[in-house]
Amino acid sequence: MKYFSLVILLLNLTSQSLFAQQGILEEDIRKELYALIEQYNEARDNKDTLLLKTILTPEIDQLVSSGEWRTGIDQAIDGMMSSSAANPGSRNLIVDKIRLLDQASAIVDCRYEIENPDGPTRKMWSTFLAVFTEGRWKITGIRNMLPTSTQN
């Protein structure tokens with residue numbers, strides 16, 4: 001009976017240790033994903049195509065609020081630069097929630113605001129699909145949404 005109790009105690013301690021390590025790992029991943037979104041925002045604000053090329057996957061696809069699809073890194077970056085020129089103002093992405101699908105893929109939902117110097121702030125939502133590849137987190141998909149008011 002003592003042997004059985006000892007085994008149960010060791011299994012309990014081991015499982016608690018594993019869950020604690022998992023929580024620490026997930027917190028590290030969340031911090032990396034926050035940093036990725038900050039880098040994306042910085043790259044857009046500064047029109048930094050070199051930074052964008054390091055944080056986007058080659059096969060990225062983007063659906064923007066106008067309904068336009070951008071497929072592939074070149075089309076996405078060209079569209080981002082055109083959009084930034086056509087929609088001047090300060091961009092701000094605020095991470096709302098992160099959902100880890102596994103240790104190498106995540107969904108990051110953000111409030112996306114563009115403060116127009118000549119008008120009202122444009123308030124949208126952005127969802128980022130992120131993957132861990134080449135030793136870092138990268139953006140592989142972006143979905144921008146412009147909320148509309150609905151009446152029931």
# chains A, B, ... in the order shown; residues from 1 in each chain; ligands from 1
call {"tool": "residues_around", "arguments": {"residues": "region 56-69 of chain A", "least_positions_apart": "2", "cutoff": "7 Å", "atoms": "only C-alpha atoms", "output": "PyMOL selection string"}}
result
chain A and resi 52-54+71-73+76+138-146
call {"tool": "select_by_dssp", "arguments": {"residues": "chain A", "states": "strand (DSSP E or B)", "output": "PyMOL selection string"}}
result
chain A and resi 56-63+69-71+90-102+105-115+121-133+136-145
call {"tool": "atom_distance", "arguments": {"atom1": "CA of Tyr112 (chain A)", "atom2": "CA of Leu33 (chain A)"}}
result
15.9 Å
call {"tool": "closest_residue", "arguments": {"among": "A:Asp45, A:Pro120, A:Leu129, A:Ile114", "to": "Leu100 (chain A)", "atoms": "only C-alpha atoms"}}
result
A:Leu129
call {"tool": "select_by_dssp", "arguments": {"residues": "region 6-129 of chain A", "states": "helix (DSSP H, G or I)", "output": "PyMOL selection string"}}
result
chain A and resi 6-46+49-55+73-86
call {"tool": "atom_distance", "arguments": {"atom1": "CA of Asp109 (chain A)", "atom2": "CA of Ile94 (chain A)"}}
result
8.5 Å
call {"tool": "residues_around", "arguments": {"residues": "Ile37 (chain A)", "least_positions_apart": "6", "cutoff": "10 Å", "atoms": "only C-alpha atoms", "output": "list in words"}}
result
Ala43, Ile55, Leu93, Ile94, Val95, Val108, Cys110, Phe128, Ala130, Lys138 and Ile139 of chain A
call {"tool": "residues_around", "arguments": {"residues": "Ala86 (chain A)", "least_positions_apart": "5", "cutoff": "12 Å", "atoms": "only C-alpha atoms", "output": "list of chain:residue names"}}
result
A:Gly79, A:Met80, A:Met81, A:Ile114, A:Asn116
call {"tool": "closest_residue", "arguments": {"among": "A:Ser126, A:Lys97, A:Val131, A:Glu26", "to": "Asn41 (chain A)", "atoms": "only C-alpha atoms"}}
result
A:Ser126
